[in-house]
Amino acid sequence: MLIAGFPAGAWGTNCYLVAPAAGAECVIIDPGHQAAQGVEEALRKHRLKPVAVVLTHGHIDHVASVVPVCGASDVPAWIHPADRYMMSDPEKGIGRSIGMPLMGELTVGEPDDVRELTDGAKLELAGLELTVAHAPGHTKGSVTFGLPEAADIPPVLFSGDLLFAGSIGRTDLPGGSMDDMLESLTRVVLPLDDTTVVLSGHGPQTTIGQERATNPYLRQVAAGQGAAEQAPRRGM
């Protein structure tokens, strides 16, 4: 298994390329602000051929490079229908101007081929099986992508802005909900094995076991006491 990731753009949003091995087909996860060049470099370095872009949610820091990345390889983009509108109208997703001096040039809109994600779907792409879990809270259409354990790696969760090392995604933007976040953490995250590697939308990788032991939000949810307000929440 090959997972190549890099932080991109003004928010340091993690973009991932996932493939069975170098020289194979791959899936691109969350090509956000200023990610296109990094995607090109990773494709060239690992000799990868994209077959799809998949998106954990619709905020501009996760989807800003979808149009050029999909267009360069003529591949579809997958997104939950509740967040699809943000690709064409990103300001609605954050409730304010995105700030063009900060963001620079943007290609706002949808790629030619957009497909919609559903809870529990299993995407068979590039020789991989990605399991989709609808996980609202950060946005209404937030999802995670799970990869099963393989011979050379433990199970992996691409958590988007649901779960971070030591924190969770913010819930104060349009479509956000702390109640939904708590339910998603309980339903999607708590049942996972402690060995599961968490690759999130921002920041370093972690594991479910580490977060179960140290993340104040996850500890409180596991105890059935609601979310703690002891650590800052993250994401756009």
# chains A, B, ... in the order shown; residues from 1 in each chain; ligands from 1
call {"tool": "residues_around", "arguments": {"residues": "stretch 58-64 of chain A", "least_positions_apart": "2", "cutoff": "6 Å", "atoms": "only C-alpha atoms", "output": "PyMOL selection string"}}
result
chain A and resi 30-33+66+83+86+90
call {"tool": "write_last_selection", "arguments": {"atoms": "all heavy atoms", "output": "PDB file, in the first residue's frame"}}
result
ATOM      1  N   ASP A  30      -9.153  14.919  -1.158  1.00  0.00           N
ATOM      2  CA  ASP A  30      -9.152  16.322  -0.723  1.00  0.00           C
ATOM      3  C   ASP A  30      -8.047  17.182  -1.334  1.00  0.00           C
ATOM      4  O   ASP A  30      -7.182  17.726  -0.627  1.00  0.00           O
ATOM      5  CB  ASP A  30      -9.071  16.401   0.804  1.00  0.00           C
ATOM      6  CG  ASP A  30     -10.360  16.005   1.495  1.00  0.00           C
ATOM      7  OD1 ASP A  30     -11.356  15.755   0.800  1.00  0.00           O
ATOM      8  OD2 ASP A  30     -10.366  15.942   2.742  1.00  0.00           O
ATOM      9  N   PRO A  31      -8.064  17.382  -2.651  1.00  0.00           N
ATOM     10  CA  PRO A  31      -7.126  18.340  -3.253  1.00  0.00           C
ATOM     11  C   PRO A  31      -7.633  19.769  -3.022  1.00  0.00           C
ATOM     12  O   PRO A  31      -8.469  20.289  -3.754  1.00  0.00           O
ATOM     13  CB  PRO A  31      -7.143  17.958  -4.737  1.00  0.00           C
ATOM     14  CG  PRO A  31      -8.511  17.390  -4.964  1.00  0.00           C
ATOM     15  CD  PRO A  31      -8.906  16.731  -3.676  1.00  0.00           C
ATOM     16  N   GLY A  32      -7.143  20.402  -1.986  1.00  0.00           N
ATOM     17  CA  GLY A  32      -7.657  21.701  -1.572  1.00  0.00           C
ATOM     18  C   GLY A  32      -6.887  22.867  -2.143  1.00  0.00           C
ATOM     19  O   GLY A  32      -6.315  22.799  -3.233  1.00  0.00           O
ATOM     20  N   HIS A  33      -6.855  23.947  -1.382  1.00  0.00           N
ATOM     21  CA  HIS A  33      -6.249  25.201  -1.818  1.00  0.00           C
ATOM     22  C   HIS A  33      -4.791  24.990  -2.210  1.00  0.00           C
ATOM     23  O   HIS A  33      -3.981  24.486  -1.433  1.00  0.00           O
ATOM     24  CB  HIS A  33      -6.365  26.213  -0.678  1.00  0.00           C
ATOM     25  CG  HIS A  33      -5.814  27.559  -0.991  1.00  0.00           C
ATOM     26  ND1 HIS A  33      -5.011  28.255  -0.115  1.00  0.00           N
ATOM     27  CD2 HIS A  33      -5.945  28.348  -2.088  1.00  0.00           C
ATOM     28  CE1 HIS A  33      -4.675  29.413  -0.641  1.00  0.00           C
ATOM     29  NE2 HIS A  33      -5.232  29.496  -1.839  1.00  0.00           N
ATOM     30  N   VAL A  66     -10.144  20.883  -7.016  1.00  0.00           N
ATOM     31  CA  VAL A  66     -10.847  19.747  -7.624  1.00  0.00           C
ATOM     32  C   VAL A  66     -10.946  19.905  -9.145  1.00  0.00           C
ATOM     33  O   VAL A  66     -10.696  18.956  -9.899  1.00  0.00           O
ATOM     34  CB  VAL A  66     -12.243  19.567  -7.011  1.00  0.00           C
ATOM     35  CG1 VAL A  66     -13.073  18.580  -7.825  1.00  0.00           C
ATOM     36  CG2 VAL A  66     -12.130  19.073  -5.579  1.00  0.00           C
ATOM     37  N   ASP A  83     -23.104  18.456   0.622  1.00  0.00           N
ATOM     38  CA  ASP A  83     -22.020  19.443   0.519  1.00  0.00           C
ATOM     39  C   ASP A  83     -21.700  19.824  -0.918  1.00  0.00           C
ATOM     40  O   ASP A  83     -20.830  20.670  -1.150  1.00  0.00           O
ATOM     41  CB  ASP A  83     -20.749  18.895   1.171  1.00  0.00           C
ATOM     42  CG  ASP A  83     -20.714  19.103   2.675  1.00  0.00           C
ATOM     43  OD1 ASP A  83     -21.768  19.427   3.254  1.00  0.00           O
ATOM     44  OD2 ASP A  83     -19.641  18.920   3.268  1.00  0.00           O
ATOM     45  N   MET A  86     -21.211  23.537  -2.249  1.00  0.00           N
ATOM     46  CA  MET A  86     -20.053  24.359  -1.883  1.00  0.00           C
ATOM     47  C   MET A  86     -18.998  24.429  -2.978  1.00  0.00           C
ATOM     48  O   MET A  86     -18.204  25.373  -3.010  1.00  0.00           O
ATOM     49  CB  MET A  86     -19.409  23.820  -0.605  1.00  0.00           C
ATOM     50  CG  MET A  86     -20.286  23.892   0.622  1.00  0.00           C
ATOM     51  SD  MET A  86     -19.347  23.412   2.090  1.00  0.00           S
ATOM     52  CE  MET A  86     -20.669  22.794   3.122  1.00  0.00           C
ATOM     53  N   PRO A  90     -18.566  28.542  -2.677  1.00  0.00           N
ATOM     54  CA  PRO A  90     -17.832  28.253  -1.445  1.00  0.00           C
ATOM     55  C   PRO A  90     -18.153  29.184  -0.289  1.00  0.00           C
ATOM     56  O   PRO A  90     -18.047  28.779   0.866  1.00  0.00           O
ATOM     57  CB  PRO A  90     -16.359  28.372  -1.868  1.00  0.00           C
ATOM     58  CG  PRO A  90     -16.371  29.195  -3.115  1.00  0.00           C
ATOM     59  CD  PRO A  90     -17.657  28.857  -3.796  1.00  0.00           C
TER      60      PRO A  90
END
call {"tool": "select_by_dssp", "arguments": {"residues": "chain A", "states": "alpha helix (DSSP H)", "output": "ChimeraX atom specification"}}
result
/A:36-46,60-63,66-73,85-88,90-94,100-103,178-184,208-214,216-222
call {"tool": "residues_around", "arguments": {"residues": "A:Met181", "least_positions_apart": "4", "cutoff": "8 Å", "atoms": "only C-alpha atoms", "output": "list in words"}}
result
Ala135, Pro136, Gly137, His138, Leu162, Thr171, Ser177 and Leu185 of chain A
call {"tool": "write_last_selection", "arguments": {"atoms": "all heavy atoms", "output": "PDB file, in the first residue's frame"}}
result
ATOM      1  N   ALA A 135     -20.649  11.373   8.255  1.00  0.00           N
ATOM      2  CA  ALA A 135     -20.251  11.815   9.594  1.00  0.00           C
ATOM      3  C   ALA A 135     -20.492  13.313   9.754  1.00  0.00           C
ATOM      4  O   ALA A 135     -19.548  14.098   9.877  1.00  0.00           O
ATOM      5  CB  ALA A 135     -18.783  11.482   9.843  1.00  0.00           C
ATOM      6  N   PRO A 136     -21.759  13.758   9.736  1.00  0.00           N
ATOM      7  CA  PRO A 136     -22.044  15.194   9.862  1.00  0.00           C
ATOM      8  C   PRO A 136     -21.615  15.727  11.223  1.00  0.00           C
ATOM      9  O   PRO A 136     -21.426  14.984  12.182  1.00  0.00           O
ATOM     10  CB  PRO A 136     -23.560  15.258   9.678  1.00  0.00           C
ATOM     11  CG  PRO A 136     -24.054  13.902  10.070  1.00  0.00           C
ATOM     12  CD  PRO A 136     -22.983  12.950   9.643  1.00  0.00           C
ATOM     13  N   GLY A 137     -21.484  17.040  11.273  1.00  0.00           N
ATOM     14  CA  GLY A 137     -21.047  17.723  12.483  1.00  0.00           C
ATOM     15  C   GLY A 137     -20.207  18.927  12.113  1.00  0.00           C
ATOM     16  O   GLY A 137     -20.515  20.052  12.483  1.00  0.00           O
ATOM     17  N   HIS A 138     -19.156  18.700  11.335  1.00  0.00           N
ATOM     18  CA  HIS A 138     -18.361  19.807  10.795  1.00  0.00           C
ATOM     19  C   HIS A 138     -19.130  20.462   9.650  1.00  0.00           C
ATOM     20  O   HIS A 138     -19.199  21.688   9.557  1.00  0.00           O
ATOM     21  CB  HIS A 138     -17.008  19.273  10.325  1.00  0.00           C
ATOM     22  CG  HIS A 138     -16.087  20.325   9.802  1.00  0.00           C
ATOM     23  ND1 HIS A 138     -15.638  21.381  10.581  1.00  0.00           N
ATOM     24  CD2 HIS A 138     -15.507  20.482   8.586  1.00  0.00           C
ATOM     25  CE1 HIS A 138     -14.844  22.142   9.860  1.00  0.00           C
ATOM     26  NE2 HIS A 138     -14.745  21.625   8.644  1.00  0.00           N
ATOM     27  N   LEU A 162     -13.479  15.576  10.862  1.00  0.00           N
ATOM     28  CA  LEU A 162     -14.222  14.998  11.984  1.00  0.00           C
ATOM     29  C   LEU A 162     -13.328  14.856  13.205  1.00  0.00           C
ATOM     30  O   LEU A 162     -13.662  15.318  14.295  1.00  0.00           O
ATOM     31  CB  LEU A 162     -14.787  13.629  11.587  1.00  0.00           C
ATOM     32  CG  LEU A 162     -15.425  12.806  12.708  1.00  0.00           C
ATOM     33  CD1 LEU A 162     -16.690  13.477  13.222  1.00  0.00           C
ATOM     34  CD2 LEU A 162     -15.732  11.384  12.241  1.00  0.00           C
ATOM     35  N   THR A 171     -17.588  23.392  14.745  1.00  0.00           N
ATOM     36  CA  THR A 171     -19.008  23.192  14.421  1.00  0.00           C
ATOM     37  C   THR A 171     -19.769  24.507  14.318  1.00  0.00           C
ATOM     38  O   THR A 171     -21.004  24.492  14.282  1.00  0.00           O
ATOM     39  CB  THR A 171     -19.674  22.310  15.495  1.00  0.00           C
ATOM     40  OG1 THR A 171     -19.542  22.942  16.782  1.00  0.00           O
ATOM     41  CG2 THR A 171     -19.037  20.934  15.545  1.00  0.00           C
ATOM     42  N   SER A 177     -22.830  21.326  13.541  1.00  0.00           N
ATOM     43  CA  SER A 177     -23.697  20.995  14.668  1.00  0.00           C
ATOM     44  C   SER A 177     -22.915  20.167  15.673  1.00  0.00           C
ATOM     45  O   SER A 177     -22.403  19.100  15.331  1.00  0.00           O
ATOM     46  CB  SER A 177     -24.919  20.203  14.196  1.00  0.00           C
ATOM     47  OG  SER A 177     -25.585  19.567  15.282  1.00  0.00           O
ATOM     48  N   LEU A 185     -19.031  11.016  16.172  1.00  0.00           N
ATOM     49  CA  LEU A 185     -17.908  10.450  16.915  1.00  0.00           C
ATOM     50  C   LEU A 185     -18.290   9.127  17.564  1.00  0.00           C
ATOM     51  O   LEU A 185     -17.523   8.159  17.551  1.00  0.00           O
ATOM     52  CB  LEU A 185     -17.421  11.437  17.976  1.00  0.00           C
ATOM     53  CG  LEU A 185     -16.736  12.704  17.483  1.00  0.00           C
ATOM     54  CD1 LEU A 185     -16.533  13.676  18.633  1.00  0.00           C
ATOM     55  CD2 LEU A 185     -15.398  12.383  16.821  1.00  0.00           C
TER      56      LEU A 185
END
call {"tool": "atom_distance", "arguments": {"atom1": "atom CA of A:Asp119", "atom2": "atom CA of A:Pro50"}}
result
23.4 Å
call {"tool": "atom_distance", "arguments": {"atom1": "atom CA of A:Ser159", "atom2": "atom CA of A:Val221"}}
result
16.9 Å
call {"tool": "closest_residue", "arguments": {"among": "A:Ala72, A:Asn14, A:Gly5, A:Pro204", "to": "A:Ala42", "atoms": "only C-alpha atoms"}}
result
A:Gly5
call {"tool": "atom_distance", "arguments": {"atom1": "atom CA of A:Gly209", "atom2": "atom CA of A:Leu163"}}
result
12.8 Å
call {"tool": "closest_residue", "arguments": {"among": "A:Asp194, A:Glu124, A:Glu91, A:Asp172", "to": "A:Thr206", "atoms": "only C-alpha atoms"}}
result
A:Asp194
call {"tool": "select_by_dssp", "arguments": {"residues": "stretch 22-193 of chain A", "states": "strand (DSSP E or B)", "output": "ChimeraX atom specification"}}
result
/A:25-29,49-54,77-79,114-116,122-125,128-134,143-147,156-160,163-164,167-169
call {"tool": "residues_around", "arguments": {"residues": "A:Pro20", "least_positions_apart": "6", "cutoff": "12 Å", "atoms": "only C-alpha atoms", "output": "NGL selection string"}}
result
:A and (1-4 or 26-27 or 46 or 48-49 or 125-129 or 147 or 150-153)
call {"tool": "write_last_selection", "arguments": {"atoms": "N, CA, C and O atoms", "output": "PDB file, in the first residue's frame"}}
result
ATOM      1  N   MET A   1       0.848  -1.196   0.000  1.00  0.00           N
ATOM      2  CA  MET A   1       0.000   0.000   0.000  1.00  0.00           C
ATOM      3  C   MET A   1       0.884   1.248   0.000  1.00  0.00           C
ATOM      4  O   MET A   1       1.893   1.313   0.697  1.00  0.00           O
ATOM      5  N   LEU A   2       0.487   2.211  -0.791  1.00  0.00           N
ATOM      6  CA  LEU A   2       1.187   3.491  -0.847  1.00  0.00           C
ATOM      7  C   LEU A   2       0.213   4.596  -0.467  1.00  0.00           C
ATOM      8  O   LEU A   2      -0.855   4.720  -1.077  1.00  0.00           O
ATOM      9  N   ILE A   3       0.565   5.374   0.542  1.00  0.00           N
ATOM     10  CA  ILE A   3      -0.198   6.569   0.908  1.00  0.00           C
ATOM     11  C   ILE A   3       0.788   7.725   0.955  1.00  0.00           C
ATOM     12  O   ILE A   3       1.701   7.752   1.784  1.00  0.00           O
ATOM     13  N   ALA A   4       0.614   8.673   0.034  1.00  0.00           N
ATOM     14  CA  ALA A   4       1.465   9.859  -0.014  1.00  0.00           C
ATOM     15  C   ALA A   4       0.609  11.065   0.349  1.00  0.00           C
ATOM     16  O   ALA A   4      -0.434  11.303  -0.269  1.00  0.00           O
ATOM     17  N   CYS A  26      -4.423   5.281  -8.681  1.00  0.00           N
ATOM     18  CA  CYS A  26      -4.553   5.864  -7.344  1.00  0.00           C
ATOM     19  C   CYS A  26      -5.846   6.656  -7.220  1.00  0.00           C
ATOM     20  O   CYS A  26      -6.496   7.008  -8.208  1.00  0.00           O
ATOM     21  N   VAL A  27      -6.195   6.944  -5.978  1.00  0.00           N
ATOM     22  CA  VAL A  27      -7.297   7.831  -5.611  1.00  0.00           C
ATOM     23  C   VAL A  27      -6.695   9.047  -4.927  1.00  0.00           C
ATOM     24  O   VAL A  27      -5.761   8.920  -4.124  1.00  0.00           O
ATOM     25  N   HIS A  46       5.761   8.966  -7.791  1.00  0.00           N
ATOM     26  CA  HIS A  46       5.368   7.577  -7.517  1.00  0.00           C
ATOM     27  C   HIS A  46       4.808   6.861  -8.747  1.00  0.00           C
ATOM     28  O   HIS A  46       4.349   5.736  -8.652  1.00  0.00           O
ATOM     29  N   LEU A  48       2.060   7.337 -10.569  1.00  0.00           N
ATOM     30  CA  LEU A  48       0.671   6.973 -10.310  1.00  0.00           C
ATOM     31  C   LEU A  48      -0.259   7.497 -11.400  1.00  0.00           C
ATOM     32  O   LEU A  48      -0.004   8.549 -11.995  1.00  0.00           O
ATOM     33  N   LYS A  49      -1.363   6.799 -11.581  1.00  0.00           N
ATOM     34  CA  LYS A  49      -2.401   7.201 -12.536  1.00  0.00           C
ATOM     35  C   LYS A  49      -3.716   7.396 -11.774  1.00  0.00           C
ATOM     36  O   LYS A  49      -4.291   6.432 -11.279  1.00  0.00           O
ATOM     37  N   LEU A 125     -12.181   1.389  -6.204  1.00  0.00           N
ATOM     38  CA  LEU A 125     -11.436   2.317  -7.047  1.00  0.00           C
ATOM     39  C   LEU A 125      -9.951   2.000  -6.961  1.00  0.00           C
ATOM     40  O   LEU A 125      -9.405   1.831  -5.861  1.00  0.00           O
ATOM     41  N   ALA A 126      -9.293   1.929  -8.090  1.00  0.00           N
ATOM     42  CA  ALA A 126      -7.837   1.752  -8.157  1.00  0.00           C
ATOM     43  C   ALA A 126      -7.364   0.508  -7.405  1.00  0.00           C
ATOM     44  O   ALA A 126      -6.281   0.507  -6.816  1.00  0.00           O
ATOM     45  N   GLY A 127      -8.175  -0.526  -7.399  1.00  0.00           N
ATOM     46  CA  GLY A 127      -7.800  -1.735  -6.679  1.00  0.00           C
ATOM     47  C   GLY A 127      -7.931  -1.609  -5.168  1.00  0.00           C
ATOM     48  O   GLY A 127      -7.432  -2.461  -4.423  1.00  0.00           O
ATOM     49  N   LEU A 128      -8.608  -0.560  -4.707  1.00  0.00           N
ATOM     50  CA  LEU A 128      -8.826  -0.309  -3.285  1.00  0.00           C
ATOM     51  C   LEU A 128     -10.311  -0.427  -2.969  1.00  0.00           C
ATOM     52  O   LEU A 128     -11.156  -0.273  -3.854  1.00  0.00           O
ATOM     53  N   GLU A 129     -10.632  -0.668  -1.704  1.00  0.00           N
ATOM     54  CA  GLU A 129     -12.013  -0.622  -1.251  1.00  0.00           C
ATOM     55  C   GLU A 129     -12.127   0.421  -0.150  1.00  0.00           C
ATOM     56  O   GLU A 129     -11.658   0.218   0.969  1.00  0.00           O
ATOM     57  N   LEU A 147     -10.117   2.345   5.033  1.00  0.00           N
ATOM     58  CA  LEU A 147      -9.420   1.291   4.311  1.00  0.00           C
ATOM     59  C   LEU A 147      -9.228   0.108   5.249  1.00  0.00           C
ATOM     60  O   LEU A 147      -8.782   0.298   6.391  1.00  0.00           O
ATOM     61  N   ALA A 150      -4.478  -4.376   5.694  1.00  0.00           N
ATOM     62  CA  ALA A 150      -3.826  -5.108   4.605  1.00  0.00           C
ATOM     63  C   ALA A 150      -2.570  -5.771   5.146  1.00  0.00           C
ATOM     64  O   ALA A 150      -2.200  -5.583   6.310  1.00  0.00           O
ATOM     65  N   ALA A 151      -1.900  -6.537   4.289  1.00  0.00           N
ATOM     66  CA  ALA A 151      -0.730  -7.285   4.736  1.00  0.00           C
ATOM     67  C   ALA A 151       0.344  -6.382   5.303  1.00  0.00           C
ATOM     68  O   ALA A 151       1.051  -6.752   6.244  1.00  0.00           O
ATOM     69  N   ASP A 152       0.475  -5.180   4.746  1.00  0.00           N
ATOM     70  CA  ASP A 152       1.578  -4.311   5.155  1.00  0.00           C
ATOM     71  C   ASP A 152       1.158  -3.102   5.968  1.00  0.00           C
ATOM     72  O   ASP A 152       2.007  -2.306   6.380  1.00  0.00           O
ATOM     73  N   ILE A 153      -0.152  -2.916   6.213  1.00  0.00           N
ATOM     74  CA  ILE A 153      -0.598  -1.751   6.977  1.00  0.00           C
ATOM     75  C   ILE A 153      -1.794  -2.118   7.861  1.00  0.00           C
ATOM     76  O   ILE A 153      -2.568  -3.027   7.533  1.00  0.00           O
TER      77      ILE A 153
END
